[in-house]
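Trainee: Take a look at this one; I'll ask things after.
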Amino acid sequence: METFLVFPTNPAMIFVDTKIIADAPAETLVSGMGDALATYFEAAISDRTASPVLAGGLSTRTAQMMARLAFDTLMEYGVQAKVEAENHVAGQALEAVVEANIY
């Protein structure tokens, strides 16, 4: 990683065309899944050790909950999402995983 940017506010909206993601190489989706999975463990360690997060401050219960939900979503839908991506289908599993990857 070369840099980490911190913006003063979160985006008001995020628009994602999952058909474009479904048509991209499946490896790209899988890379996002790996990053999202790592987030769960990073958040848990940060919380347990009271270590500051990259954006500053300490982890919140909301952040912990979202990291856990992303982990659970990836465990439930990850394999099927990869199959959908390989077949260029923007199905329910791919939709769920893309949402988990973003959050």
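Naming scheme: A, B, ... for chains in displayed order of the structure tokens; residues 1 onward per chain; ligands 1 onward as shown.
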Quick one: residues within 10 Å of Ser46 in chain A, only C-alpha atoms, excluding same-chain residues fewer than 4 positions away - as an MDAnalysis selection string?
Mentor: chainID A and resid 40:42 50:53 58:60 64
Trainee: Let's have the selection written as a compact mmCIF listing (two decimals), in the first residue's frame, with all heavy atoms.
Mentor:
# COMPACT_ATOMS: atom_id res chain seq x y z
N TYR A 40 -12.63 -8.15 8.98
CA TYR A 40 -13.23 -8.71 10.20
C TYR A 40 -12.16 -8.97 11.26
O TYR A 40 -12.31 -8.59 12.42
CB TYR A 40 -14.01 -9.99 9.88
CG TYR A 40 -14.42 -10.73 11.13
CD1 TYR A 40 -15.39 -10.21 11.98
CD2 TYR A 40 -13.80 -11.93 11.47
CE1 TYR A 40 -15.74 -10.87 13.14
CE2 TYR A 40 -14.16 -12.60 12.63
CZ TYR A 40 -15.13 -12.07 13.46
OH TYR A 40 -15.47 -12.72 14.61
N PHE A 41 -11.08 -9.61 10.85
CA PHE A 41 -10.02 -9.95 11.80
C PHE A 41 -9.27 -8.70 12.27
O PHE A 41 -8.91 -8.59 13.44
CB PHE A 41 -9.08 -10.99 11.20
CG PHE A 41 -9.79 -12.28 10.91
CD1 PHE A 41 -10.19 -12.60 9.63
CD2 PHE A 41 -10.11 -13.16 11.93
CE1 PHE A 41 -10.88 -13.78 9.36
CE2 PHE A 41 -10.80 -14.34 11.69
CZ PHE A 41 -11.19 -14.64 10.40
N GLU A 42 -9.05 -7.78 11.36
CA GLU A 42 -8.41 -6.51 11.73
C GLU A 42 -9.26 -5.76 12.76
O GLU A 42 -8.73 -5.23 13.74
CB GLU A 42 -8.19 -5.64 10.50
CG GLU A 42 -7.18 -6.19 9.53
CD GLU A 42 -7.24 -5.54 8.16
OE1 GLU A 42 -8.15 -4.72 7.90
OE2 GLU A 42 -6.36 -5.85 7.33
N ALA A 50 -7.59 -2.39 21.89
CA ALA A 50 -7.84 -0.94 21.99
C ALA A 50 -6.83 -0.15 21.17
O ALA A 50 -6.37 0.92 21.58
CB ALA A 50 -7.85 -0.49 23.45
N SER A 51 -6.49 -0.69 20.00
CA SER A 51 -5.55 -0.02 19.10
C SER A 51 -6.31 0.95 18.20
O SER A 51 -7.44 0.66 17.79
CB SER A 51 -4.84 -1.05 18.22
OG SER A 51 -4.10 -1.94 19.01
N PRO A 52 -5.69 2.06 17.87
CA PRO A 52 -6.38 3.00 16.97
C PRO A 52 -6.53 2.43 15.57
O PRO A 52 -5.68 1.66 15.11
CB PRO A 52 -5.47 4.23 16.97
CG PRO A 52 -4.15 3.76 17.47
CD PRO A 52 -4.40 2.55 18.31
N VAL A 53 -7.60 2.82 14.90
CA VAL A 53 -7.83 2.40 13.52
C VAL A 53 -7.11 3.37 12.59
O VAL A 53 -6.68 4.45 13.01
CB VAL A 53 -9.34 2.33 13.20
CG1 VAL A 53 -10.02 1.29 14.07
CG2 VAL A 53 -10.00 3.69 13.36
N LEU A 58 -10.74 4.94 18.02
CA LEU A 58 -10.90 3.52 18.31
C LEU A 58 -12.07 2.94 17.54
O LEU A 58 -12.96 3.66 17.09
CB LEU A 58 -11.11 3.32 19.82
CG LEU A 58 -9.97 3.78 20.71
CD1 LEU A 58 -10.33 3.61 22.18
CD2 LEU A 58 -8.68 3.02 20.38
N SER A 59 -12.07 1.64 17.41
CA SER A 59 -13.15 0.95 16.73
C SER A 59 -14.46 1.13 17.51
O SER A 59 -14.45 1.26 18.73
CB SER A 59 -12.82 -0.54 16.63
OG SER A 59 -13.83 -1.23 15.94
N THR A 60 -15.56 1.13 16.79
CA THR A 60 -16.88 1.26 17.42
C THR A 60 -17.63 -0.06 17.36
O THR A 60 -17.27 -0.95 16.59
CB THR A 60 -17.72 2.33 16.70
OG1 THR A 60 -17.96 1.88 15.35
CG2 THR A 60 -17.01 3.68 16.69
N GLN A 64 -17.67 -3.03 14.42
CA GLN A 64 -17.52 -4.45 14.73
C GLN A 64 -18.69 -5.26 14.14
O GLN A 64 -18.49 -6.32 13.56
CB GLN A 64 -17.45 -4.68 16.24
CG GLN A 64 -16.25 -4.06 16.91
CD GLN A 64 -14.95 -4.65 16.41
OE1 GLN A 64 -14.82 -5.86 16.24
NE2 GLN A 64 -13.99 -3.80 16.17
Trainee: Extract, using only C-alpha atoms, all DNA, RNA and protein residues at most 10 Å from Val16 in chain A, discarding same-chain residues fewer than 5 positions from it, and format them as a list in words.
Mentor: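 Contacts, in chain order: Ile21, Glu95, Val98, Glu99 and Ile102 of chain A.
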Trainee: So which one's closest to Val6 in chain A, A:Val97, A:Ala55, A:Leu74, A:Ala44? Using only C-alpha atoms, please.
Mentor: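 Among A:Val97, A:Ala55, A:Leu74, A:Ala44, it is A:Ala55 that comes nearest to Val6 in chain A.
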Trainee: Check the DSSP output for the backbone and give back, as number ranges by chain, the residues of range 24-71 of chain A in helix (DSSP H, G or I).
Mentor: A: 26-49, 61-71
Trainee: List as a Markdown table every residue of range 5-73 of chain A that is in contact with range 89-93 of chain A, defined as an atom at most 8 Å from one of its atoms (using only C-alpha atoms), together with the nearest atom pair and the distance in Å rounded to one decimal, sorted by chain and then rising number.
Mentor:
| residue | atom | partner | partner_atom | distance |
| --- | --- | --- | --- | --- |
| A:Thr18 | CA | A:Ala90 | CA | 5.7 |
| A:Lys19 | CA | A:Ala90 | CA | 5.3 |
| A:Ile21 | CA | A:Ala90 | CA | 7.8 |
| A:Ala22 | CA | A:Ala90 | CA | 5.5 |
| A:Asp23 | CA | A:Val89 | CA | 7.7 |
Trainee: With all heavy atoms retained, could you export that selection as a PDB file, in the first residue's frame?
Mentor:
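part_5.pdb, written as the output of this step:
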ATOM      1  N   THR A  18     -23.720  -4.143 -10.680  1.00  0.00           N
ATOM      2  CA  THR A  18     -23.182  -5.484 -10.468  1.00  0.00           C
ATOM      3  C   THR A  18     -23.047  -6.269 -11.768  1.00  0.00           C
ATOM      4  O   THR A  18     -22.298  -7.249 -11.805  1.00  0.00           O
ATOM      5  CB  THR A  18     -24.025  -6.265  -9.448  1.00  0.00           C
ATOM      6  OG1 THR A  18     -25.390  -6.205  -9.830  1.00  0.00           O
ATOM      7  CG2 THR A  18     -23.850  -5.690  -8.052  1.00  0.00           C
ATOM      8  N   LYS A  19     -23.705  -5.857 -12.823  1.00  0.00           N
ATOM      9  CA  LYS A  19     -23.509  -6.518 -14.117  1.00  0.00           C
ATOM     10  C   LYS A  19     -22.093  -6.252 -14.621  1.00  0.00           C
ATOM     11  O   LYS A  19     -21.440  -7.131 -15.173  1.00  0.00           O
ATOM     12  CB  LYS A  19     -24.552  -6.045 -15.143  1.00  0.00           C
ATOM     13  CG  LYS A  19     -24.435  -6.739 -16.485  1.00  0.00           C
ATOM     14  CD  LYS A  19     -24.569  -8.254 -16.376  1.00  0.00           C
ATOM     15  CE  LYS A  19     -24.464  -8.894 -17.751  1.00  0.00           C
ATOM     16  NZ  LYS A  19     -23.901 -10.237 -17.694  1.00  0.00           N
ATOM     17  N   ILE A  21     -19.535  -5.724 -12.670  1.00  0.00           N
ATOM     18  CA  ILE A  21     -18.689  -6.559 -11.810  1.00  0.00           C
ATOM     19  C   ILE A  21     -18.763  -8.017 -12.250  1.00  0.00           C
ATOM     20  O   ILE A  21     -17.746  -8.712 -12.298  1.00  0.00           O
ATOM     21  CB  ILE A  21     -19.081  -6.379 -10.333  1.00  0.00           C
ATOM     22  CG1 ILE A  21     -18.735  -4.950  -9.895  1.00  0.00           C
ATOM     23  CG2 ILE A  21     -18.388  -7.410  -9.444  1.00  0.00           C
ATOM     24  CD1 ILE A  21     -19.243  -4.561  -8.542  1.00  0.00           C
ATOM     25  N   ALA A  22     -19.960  -8.481 -12.605  1.00  0.00           N
ATOM     26  CA  ALA A  22     -20.120  -9.864 -13.065  1.00  0.00           C
ATOM     27  C   ALA A  22     -19.354 -10.114 -14.357  1.00  0.00           C
ATOM     28  O   ALA A  22     -18.887 -11.232 -14.600  1.00  0.00           O
ATOM     29  CB  ALA A  22     -21.601 -10.188 -13.252  1.00  0.00           C
ATOM     30  N   ASP A  23     -19.216  -9.090 -15.192  1.00  0.00           N
ATOM     31  CA  ASP A  23     -18.505  -9.242 -16.459  1.00  0.00           C
ATOM     32  C   ASP A  23     -16.992  -9.064 -16.321  1.00  0.00           C
ATOM     33  O   ASP A  23     -16.245  -9.336 -17.256  1.00  0.00           O
ATOM     34  CB  ASP A  23     -19.058  -8.256 -17.495  1.00  0.00           C
ATOM     35  CG  ASP A  23     -20.444  -8.676 -17.989  1.00  0.00           C
ATOM     36  OD1 ASP A  23     -20.781  -9.880 -17.881  1.00  0.00           O
ATOM     37  OD2 ASP A  23     -21.180  -7.802 -18.474  1.00  0.00           O
TER      38      ASP A  23
END
Trainee: Could you tell me how far CA of Ala43 in chain A sits from CA of Met75 in chain A, in Å to one decimal place?
Mentor: 17.1 Å
Trainee: What is the CA of Thr3 in chain A-CA of Leu54 in chain A distance in Å, reported with one decimal?
Mentor: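 About the pair CA of Thr3 in chain A and CA of Leu54 in chain A: they are 10.9 Å apart.
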Trainee: CA of Glu84 in chain A to CA of Met65 in chain A: how many Å, to one decimal?
Mentor: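 Distance reported for this atom pair: 26.8 Å.
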